[in-house]
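Structure, as structure tokens:
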Amino acid sequence: MEIYIGSDHAGYKLKQAVKKHLEKRDVKIIDLGSFNGEESVDYPDIAREVVEKVLEYPGTFGIMICGTGQGSAMMANRHKGIRAALCTNEYLAEMARKHNHANMLCLGERNTEEDLALKIVDKFLDTPIDTDERHKRRVAKLDV
Ligand code: RB5
């Protein structure tokens with residue numbers, strides 16, 4: 001499993017925690033920035049980096065963390081082929097994978113405690129997509 005991860009300054013601390021958490025797994029994590037929690041950066045710039053990699057390498061995942069996760073999700077979902085889910089609980093992560101075939105997870109450092117965020121990441125990565133015809137049909141309609 002290959003995961004492209006990014007954050008702005010407001011998501012930097014949680015990104016570091018997510019990366020450390022993911023070290024326990026057999027995954028390749030590629031950090032696309034920000035590499036410094038001090039300097040203010042624009043979340044669309046980093047989200048674009050993550051989006052471009054996920055589109056370039058199908059089957060990989062993206063994780064993008066900003067203050068709320070909201071702007072990152074908005075930016076990511078403007079791209080055909082990206083299904084980014086802003087998740088604030090495990091149920092949303094599970095359903096985003098099962099029913100929406102999400103390939104990108106967005107988190108907010110300012111609205112999600114670290115422990116919960118790590119559980120959300122696990123749920124997202126551990127939940128396979130539901131390949132039932134109705135879900136495939138609906139997901140295909142997202143990209144028209
Ligand atoms: C930065 O202050 C904040 O606006 C950003 O991290 C994010 O929450 C945007 O959606």
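Convention: chains lettered A, B, ... in structure tokens order; per-chain residue numbering from 1; ligands numbered from 1 as shown.
Around A:Ile82, within 10 Å and counting only C-alpha atoms, the residues found are Val51, Glu52, Val54, Leu55, Phe61, Gly62, Ala73, Ala76, Asn77, His101, Ala102, Asn103, Met104, Leu142 and Asp143 of chain A, once anything fewer than 5 positions away on its own chain is removed.
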Within 8 Å of ligand 1, counting only C-alpha atoms and all ligand atoms, which protein or nucleic acid residues do you find, written as a ChimeraX atom specification? /A:8-11,42-43,65-72,108,110
Mind dumping the selected residues with C-alpha atoms as a PDB file, in the first residue's frame?
```
ATOM      1  CA  ASP A   8      -0.591  22.773   5.587  1.00  0.00           C
ATOM      2  CA  HIS A   9       0.871  24.427   8.704  1.00  0.00           C
ATOM      3  CA  ALA A  10      -2.423  23.900  10.587  1.00  0.00           C
ATOM      4  CA  GLY A  11      -2.327  20.157   9.980  1.00  0.00           C
ATOM      5  CA  ASP A  42      -1.734  27.461   1.384  1.00  0.00           C
ATOM      6  CA  TYR A  43      -3.619  24.172   1.713  1.00  0.00           C
ATOM      7  CA  ILE A  65      -4.657  17.365   6.738  1.00  0.00           C
ATOM      8  CA  CYS A  66      -5.387  21.043   7.290  1.00  0.00           C
ATOM      9  CA  GLY A  67      -7.080  22.983  10.079  1.00  0.00           C
ATOM     10  CA  THR A  68     -10.558  21.659   9.382  1.00  0.00           C
ATOM     11  CA  GLY A  69      -9.981  19.292   6.464  1.00  0.00           C
ATOM     12  CA  GLN A  70     -12.660  21.217   4.616  1.00  0.00           C
ATOM     13  CA  GLY A  71     -10.602  23.255   2.174  1.00  0.00           C
ATOM     14  CA  SER A  72      -8.463  20.244   1.329  1.00  0.00           C
ATOM     15  CA  GLY A 108      -8.874  18.499  10.411  1.00  0.00           C
ATOM     16  CA  ARG A 110      -8.400  21.631  14.816  1.00  0.00           C
TER      17      ARG A 110
END
```
Please list as number ranges by chain every residue within 12 Å of A:Arg134, counting only C-alpha atoms and excluding residues in the same chain fewer than 6 positions away. A: 98-100, 140-141
Could the residues in this selection be saved with N, CA and C atoms as a short mmCIF file (atom, residue, chain, number, x, y, z; two decimals), in the first residue's frame?
```
data_model
loop_
_atom_site.label_atom_id
_atom_site.label_comp_id
_atom_site.auth_asym_id
_atom_site.auth_seq_id
_atom_site.Cartn_x
_atom_site.Cartn_y
_atom_site.Cartn_z
N LYS A 98 -16.60 2.10 1.72
CA LYS A 98 -17.55 1.09 1.25
C LYS A 98 -18.43 1.60 0.12
N HIS A 99 -19.11 2.69 0.35
CA HIS A 99 -20.12 3.15 -0.61
C HIS A 99 -19.60 4.16 -1.62
N ASN A 100 -18.60 4.95 -1.23
CA ASN A 100 -18.14 6.03 -2.11
C ASN A 100 -16.79 5.76 -2.74
N ALA A 140 -19.45 5.73 -10.41
CA ALA A 140 -19.13 6.12 -11.80
C ALA A 140 -19.81 7.43 -12.15
N LYS A 141 -20.98 7.67 -11.58
CA LYS A 141 -21.72 8.90 -11.88
C LYS A 141 -21.09 10.14 -11.23
#
```
Calculate how many Å separate atom CA of A:Tyr4 from atom CA of A:Arg137, rounding to one decimal. 26.9 Å
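Of the residues in chain A, those that DSSP places in strand (DSSP E or B) on the basis of the backbone are A:Glu2, A:Ile3, A:Tyr4, A:Ile5, A:Gly6, A:Ser7, A:Lys28, A:Ile29, A:Ile30, A:Asp31, A:Phe61, A:Gly62, A:Ile63, A:Met64, A:Ile65, A:Cys66, A:Ala84, A:Ala85, A:Leu86, A:Met104, A:Leu105, A:Cys106, A:Leu107, A:Gly108.
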Distance query A:Met1 at most 7 Å, only C-alpha atoms, self and fewer than 3 positions along chain excluded, as a ChimeraX atom specification: /A:27-28,60
Among the residues of stretch 54-122 of chain A, find those DSSP assigns to alpha helix (DSSP H) from the backbone and print them as a list in words.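 Matching residues, listed in order: Val54, Leu55, Glu56, Gln70, Gly71, Ser72, Ala73, Met74, Met75, Ala76, Glu90, Tyr91, Leu92, Ala93, Glu94, Met95, Ala96, Arg97, Lys98, Glu114, Asp115, Leu116, Ala117, Leu118, Lys119, Ile120, Val121 and Asp122 of chain A.
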Pick from A:Leu105, A:Ile63, A:Val144, A:Met74 nearest to A:Ile29, counting only C-alpha atoms: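 Closest candidate: A:Ile63.
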Under the rule that only C-alpha atoms are counted, which of A:Ile5, A:Val18, A:Ala93, A:Leu107 is the nearest residue to A:Arg48?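 Going through A:Ile5, A:Val18, A:Ala93, A:Leu107 one by one, the smallest distance to A:Arg48 is for A:Ile5.
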List as a Markdown table every residue of stretch 49-105 of chain A that is in contact with stretch 112-117 of chain A, defined as an atom at most 9 Å from one of its atoms (using only C-alpha atoms), together with the nearest atom pair and the distance in Å rounded to one decimal, sorted by chain and then rising number.
```
| residue | atom | partner | partner_atom | distance |
| --- | --- | --- | --- | --- |
| A:Thr68 | CA | A:Thr112 | CA | 8.3 |
| A:Cys87 | CA | A:Ala117 | CA | 8.7 |
| A:Thr88 | CA | A:Thr112 | CA | 6.3 |
| A:Asn89 | CA | A:Leu116 | CA | 7.2 |
| A:Glu90 | CA | A:Leu116 | CA | 8.0 |
```
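Nearest residue to A:Gly59 among A:Leu125, A:Glu38, A:Val139, A:Glu94 is A:Leu125, counting only C-alpha atoms.
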Choose the residue, out of A:Glu23, A:Gly81, A:Lys13, A:Met95, that has the smallest atom-to-atom separation from A:Glu56; count only C-alpha atoms.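 Going through A:Glu23, A:Gly81, A:Lys13, A:Met95 one by one, the smallest distance to A:Glu56 is for A:Gly81.
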